[in-house]
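> Following this message is one structure expressed as structure tokens.
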Amino acid sequence: NFPRDSWVNIPGSGSGRINEALYRGGPQLLVKTVESITHIKIDYWVMTGFEGFQRLINDIGRVRMFIPRDVFDPTGSGARLKKGSQKLGPINLLAYVRTRHSFSTGDFARSEHQADALIAMLRKLHGEVDRSPGTLLSWIKAVQRHTRLNLDPGDLFRLGVLATQM
């Protein structure tokens with residue numbers, strides 16, 4: 001994850017903040033920008049907005065997260081969370097992964113929380129698929145409904161199966 005205000009060269013478009021690549025040329029230009037910085041080829045991308053994220057969480061269900069300390073960010077993300085392990089629904093999980101004003105490390109803390117949420121979702125996927133393998137299809141359907149992605153259904157299924165083995 002890159003802080004959104006990182007100043008970078010955007011291929012064919014000059015310099016700007018990394019998040020400007022998305023606005024200037026869509027996900028494809030953002031991928032080219034990240035590839036030019038990291039020299040890592042990106043085969044697939046998945047993108048969603050705030051509403052899509054909330055709808056995805058609504059479809060897959062609450063996600064168990066450990067919140068390391070109380071989070072109060074009324075003017076930024078709206079987060080008002082107590083320290084400890086809890087299941088977060090769409091509104092609170094989005095607020096937690098968006099919050100940066102409550103932490104001295106700002107965007108870096110937000111990136112860390114986003115990674116923690118993805119790992120927690122992966123853990124949830126594992127548990128559900130272990131109990132009922134067909135659940136994977138429900139997750140894939142939710143991803144297709146609430147995101148934009150450059151994967152065909154076959155690749156999405158293969159990556160979903162791979163995710164359950166990680």
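Just so we're on the same page: first chain in the structure tokens is A, next is B, and so on; residues restart at 1 for each chain, and ligands are numbered from 1 in the order they show up.
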How would you write, as a ChimeraX atom specification, the set of residues in segment 19-155 of chain A that DSSP gives as alpha helix (DSSP H)?
/A:19-38,50-60,90-98,107-131,135-146,153-155
> Sorted by chain and rising residue number, which residues of segment 81-157 of chain A lie within 12 Å of segment 23-35 of chain A, and what are their closest atom pairs and distances in Å to one decimal, counting only C-alpha atoms, as a tab-separated table?

residue	atom	partner	partner_atom	distance
A:Arg148	CA	A:Pro27	CA	9.3
A:Leu149	CA	A:Pro27	CA	9.0
A:Asn150	CA	A:Pro27	CA	9.2
> Which one of A:Val161, A:Leu118, A:Ile40, A:Ala142 sits closest to Asp130 of chain A if you count only C-alpha atoms?
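Under the stated criterion, the closest residue is A:Val161.
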> Considering only C-alpha atoms, tabulate each residue of segment 78-124 of chain A that lies at most 10 Å from segment 48-63 of chain A along with its nearest interatomic pair and the corresponding distance in Å to one decimal; arrange the rows by chain and ascending residue number and present them as a tab-separated table.

residue	atom	partner	partner_atom	distance
A:Gln86	CA	A:Val63	CA	8.1
A:Lys87	CA	A:Val63	CA	5.1
A:Leu88	CA	A:Arg62	CA	5.2
A:Gly89	CA	A:Arg62	CA	4.5
A:Pro90	CA	A:Gln54	CA	4.5
A:Ile91	CA	A:Gln54	CA	6.5
A:Asn92	CA	A:Gln54	CA	9.3
A:Leu93	CA	A:Val63	CA	7.8
A:Leu94	CA	A:Gln54	CA	6.8
A:Ala95	CA	A:Phe50	CA	9.6
A:Arg98	CA	A:Phe50	CA	9.5
A:Ala117	CA	A:Val63	CA	7.9
A:Leu118	CA	A:Val63	CA	9.7
A:Ala120	CA	A:Val63	CA	6.6
A:Met121	CA	A:Val63	CA	6.3
A:Leu122	CA	A:Val63	CA	9.7
A:Arg123	CA	A:Val63	CA	9.1
A:Lys124	CA	A:Val63	CA	7.0
> Quick one: everything within 9 Å of Leu81 of chain A, counting only C-alpha atoms, minus sequence neighbours fewer than 6 positions away in the same chain. Send it as a list of chain:residue names.
A:Ile67, A:Arg69, A:Asp70, A:Val71, A:Phe72, A:Asn92, A:Tyr96
> Generate a file of the selected residues that holds N, CA and C atoms, formatted as a CSV table (one decimal), in the first residue's frame.

chain,number,residue,atom,x,y,z
A,67,ILE,N,-8.9,-4.4,17.6
A,67,ILE,CA,-8.6,-3.0,17.6
A,67,ILE,C,-7.6,-2.7,18.7
A,69,ARG,N,-6.3,-0.1,20.1
A,69,ARG,CA,-6.6,0.9,21.1
A,69,ARG,C,-7.9,1.6,20.7
A,70,ASP,N,-8.5,2.3,21.7
A,70,ASP,CA,-9.7,3.1,21.4
A,70,ASP,C,-9.4,4.0,20.2
A,71,VAL,N,-10.4,4.1,19.3
A,71,VAL,CA,-10.3,4.9,18.1
A,71,VAL,C,-11.5,5.9,18.1
A,72,PHE,N,-11.2,7.2,18.1
A,72,PHE,CA,-12.2,8.2,18.0
A,72,PHE,C,-11.8,9.2,17.0
A,92,ASN,N,-18.8,0.3,10.7
A,92,ASN,CA,-17.6,0.4,11.6
A,92,ASN,C,-16.3,-0.2,10.9
A,96,TYR,N,-13.0,2.1,10.4
A,96,TYR,CA,-11.7,1.7,10.9
A,96,TYR,C,-10.6,1.7,9.9
> As a PyMOL selection string, list the residues of chain A assigned to strand (DSSP E or B) by DSSP on the backbone atoms of this structure.
chain A and resi 7-10+14-17+46-47+63-67+71-73+79-81+84-88+148-149
> Return the single residue from A:Phe66, A:Phe103, A:Trp139, A:Phe157 that is closest to Asp116 of chain A, with distances computed using only C-alpha atoms.
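Answer, going by the shortest atom-to-atom distance: A:Phe66.
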> Using only C-alpha atoms for the distances, tell me which of A:Gly127, A:Gly78, A:Pro3, A:Pro68 is nearest to Arg17 of chain A.
A:Pro3
